[in-house]
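Beneath this line is the structure, given in structure tokens, with notes to follow.
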Amino acid sequence: MGFIEPELNSVVKYLKKLDEKSVPIWGSLTPLGMIEHLTDSLNMAIGNPMEKIEVHEKHWNKMIAILNSDAAFPKNFKVSFAPENRIIRNKNIIGAILEFEKTWTVYEETFSNTPKLITNHPNYGPLNKQQWDRMLRKHLTHHLMQFGLISDQLEFEH
């Protein structure tokens, strides 16, 4: 499977197609909750806050191999660090997209200013910028497909 590139303008174009009444194909996230969840993943990537790794160190290489594979994230996958019943921060989708854009900029600036930065992902272990970008490709593709904004039949550049 191909994944979208983690490029802010193209991601925002997809997000702007959502409205408050958009319904996911699977899962329980609302459009607003999904955008905030994507913002949370960017904060995780810059270590804000630094996450606790839940996977034992002996499994990190296996998890990185999964991350680097062409396998998509499974539908309805539940993780401890992404609560199903989210507390929503923004009043509307426009506000959530603005928060996402600001956080994306901080993400890019943080790794630009500290290119060797390593931060923790609870499932994949310590990740560098290249690995976070890979995770974002898969994560963004997963949630854009969840809301029918892209098709799982499309092939994207790797």
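Note on naming: chains are A, B, ... as they come in the structure tokens, residues start from 1 per chain, ligands start from 1 in the order shown.
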
Leaving out A:Arg89 and any residue of its chain fewer than 2 positions from it, which residues lie within 10 Å of it when counting only C-alpha atoms, given as a short mmCIF file (atom, residue, chain, number, x, y, z; two decimals) with all heavy atoms, in the first residue's frame?
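What ended up in result21.cif:
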data_model
loop_
_atom_site.label_atom_id
_atom_site.label_comp_id
_atom_site.auth_asym_id
_atom_site.auth_seq_id
_atom_site.Cartn_x
_atom_site.Cartn_y
_atom_site.Cartn_z
N LEU A 32 -13.76 16.37 14.45
CA LEU A 32 -12.99 17.24 15.34
C LEU A 32 -12.01 16.41 16.18
O LEU A 32 -10.83 16.77 16.32
CB LEU A 32 -13.96 18.00 16.24
CG LEU A 32 -13.46 19.19 17.02
CD1 LEU A 32 -12.74 20.20 16.15
CD2 LEU A 32 -14.63 19.86 17.72
N GLY A 33 -12.47 15.30 16.71
CA GLY A 33 -11.62 14.43 17.51
C GLY A 33 -10.47 13.85 16.70
O GLY A 33 -9.34 13.71 17.20
N GLU A 36 -7.81 16.58 16.17
CA GLU A 36 -7.07 16.79 17.42
C GLU A 36 -6.16 15.60 17.72
O GLU A 36 -5.05 15.78 18.23
CB GLU A 36 -8.03 17.05 18.57
CG GLU A 36 -8.70 18.41 18.46
CD GLU A 36 -9.56 18.75 19.66
OE1 GLU A 36 -9.72 17.90 20.57
OE2 GLU A 36 -10.09 19.88 19.69
N ARG A 86 -12.59 11.17 23.82
CA ARG A 86 -11.68 12.31 23.88
C ARG A 86 -12.32 13.52 24.54
O ARG A 86 -13.51 13.74 24.39
CB ARG A 86 -11.26 12.72 22.47
CG ARG A 86 -10.58 11.65 21.65
CD ARG A 86 -10.13 12.21 20.32
NE ARG A 86 -9.36 13.42 20.48
CZ ARG A 86 -8.07 13.44 20.82
NH1 ARG A 86 -7.42 12.33 21.01
NH2 ARG A 86 -7.44 14.59 20.96
N ILE A 87 -11.51 14.30 25.20
CA ILE A 87 -11.93 15.64 25.64
C ILE A 87 -11.54 16.58 24.51
O ILE A 87 -10.37 16.69 24.16
CB ILE A 87 -11.24 16.03 26.97
CG1 ILE A 87 -11.65 15.06 28.06
CG2 ILE A 87 -11.56 17.48 27.32
CD1 ILE A 87 -10.88 15.22 29.36
N LYS A 91 -13.51 24.43 19.50
CA LYS A 91 -14.95 24.62 19.34
C LYS A 91 -15.46 24.13 17.99
O LYS A 91 -16.62 23.80 17.86
CB LYS A 91 -15.30 26.10 19.50
CG LYS A 91 -15.09 26.61 20.90
CD LYS A 91 -15.50 28.06 21.02
CE LYS A 91 -15.27 28.52 22.45
NZ LYS A 91 -15.69 29.89 22.67
N ASN A 92 -14.56 24.12 17.00
CA ASN A 92 -15.01 23.72 15.66
C ASN A 92 -13.82 23.20 14.85
O ASN A 92 -12.67 23.26 15.29
CB ASN A 92 -15.69 24.89 14.95
CG ASN A 92 -14.81 26.13 14.90
OD1 ASN A 92 -13.62 26.05 14.66
ND2 ASN A 92 -15.42 27.29 15.14
N GLY A 95 -10.95 25.70 14.04
CA GLY A 95 -10.02 25.85 15.16
C GLY A 95 -9.09 24.66 15.29
O GLY A 95 -7.89 24.82 15.56
N ALA A 96 -9.62 23.47 15.08
CA ALA A 96 -8.79 22.26 15.17
C ALA A 96 -7.74 22.23 14.05
O ALA A 96 -6.59 21.85 14.29
CB ALA A 96 -9.66 21.01 15.11
N GLU A 99 -4.99 24.68 14.96
CA GLU A 99 -4.12 24.09 15.97
C GLU A 99 -3.19 23.06 15.31
O GLU A 99 -1.99 23.01 15.61
CB GLU A 99 -4.95 23.43 17.06
CG GLU A 99 -4.10 22.77 18.13
CD GLU A 99 -4.90 21.91 19.09
OE1 GLU A 99 -5.87 21.24 18.66
OE2 GLU A 99 -4.54 21.88 20.28
#

Show which residues sit within 6 Å of stretch 134-148 of chain A, as a tab-separated table (two decimals) with N, CA and C atoms, in the first residue's frame. Count only C-alpha atoms, and ignore same-chain residues fewer than 3 positions away.
chain	number	residue	atom	x	y	z
A	3	PHE	N	1.35	5.42	0.82
A	3	PHE	CA	0.95	6.33	1.88
A	3	PHE	C	1.15	7.78	1.42
A	4	ILE	N	0.32	8.66	1.93
A	4	ILE	CA	0.48	10.07	1.55
A	4	ILE	C	1.77	10.62	2.15
A	5	GLU	N	2.29	11.63	1.52
A	5	GLU	CA	3.48	12.28	2.05
A	5	GLU	C	3.06	13.23	3.17
A	6	PRO	N	3.87	13.32	4.21
A	6	PRO	CA	3.54	14.25	5.30
A	6	PRO	C	3.89	15.68	4.89
A	24	PRO	N	-17.29	8.74	10.22
A	24	PRO	CA	-16.21	7.82	9.86
A	24	PRO	C	-16.75	6.52	9.27
A	25	ILE	N	-15.96	5.90	8.41
A	25	ILE	CA	-16.31	4.60	7.84
A	25	ILE	C	-16.17	3.53	8.91
A	131	GLN	N	11.95	8.43	11.00
A	131	GLN	CA	10.99	7.43	11.47
A	131	GLN	C	9.66	8.05	11.83
A	151	SER	N	-9.00	7.06	-0.79
A	151	SER	CA	-9.42	5.68	-0.98
A	151	SER	C	-8.25	4.74	-0.70

Considering only C-alpha atoms, give me a table of residues in stretch 79-131 of chain A that are at most 6 Å from stretch 52-74 of chain A, with the closest atom pair and distance in Å for each, as a tab-separated table.
residue	atom	partner	partner_atom	distance
A:Pro122	CA	A:Ile53	CA	4.0
A:Asn123	CA	A:Val55	CA	5.6
A:Tyr124	CA	A:Met63	CA	5.2
A:Gly125	CA	A:Ile53	CA	5.7

Check your understanding: Where in chain A does DSSP assign helix (DSSP H, G or I), given as a VMD selection string?
Key -> chain A and resid 8 to 15 31 to 45 57 to 68 93 to 113 129 to 146

**Study point:** Residue set, chain A restricted to strand (DSSP E or B), as a VMD selection string
**Key:** chain A and resid 119 to 121 125 to 127

Only C-alpha atoms, please: the residues just picked out, written as a compact mmCIF listing (two decimals), in the first residue's frame.
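And here's out09.txt as it stands now:
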# COMPACT_ATOMS: atom_id res chain seq x y z
CA THR A 119 11.53 11.04 21.01
CA ASN A 120 9.42 8.16 22.23
CA HIS A 121 6.46 6.51 20.60
CA GLY A 125 10.04 2.99 20.80
CA PRO A 126 12.54 5.82 20.32
CA LEU A 127 12.16 7.44 16.88
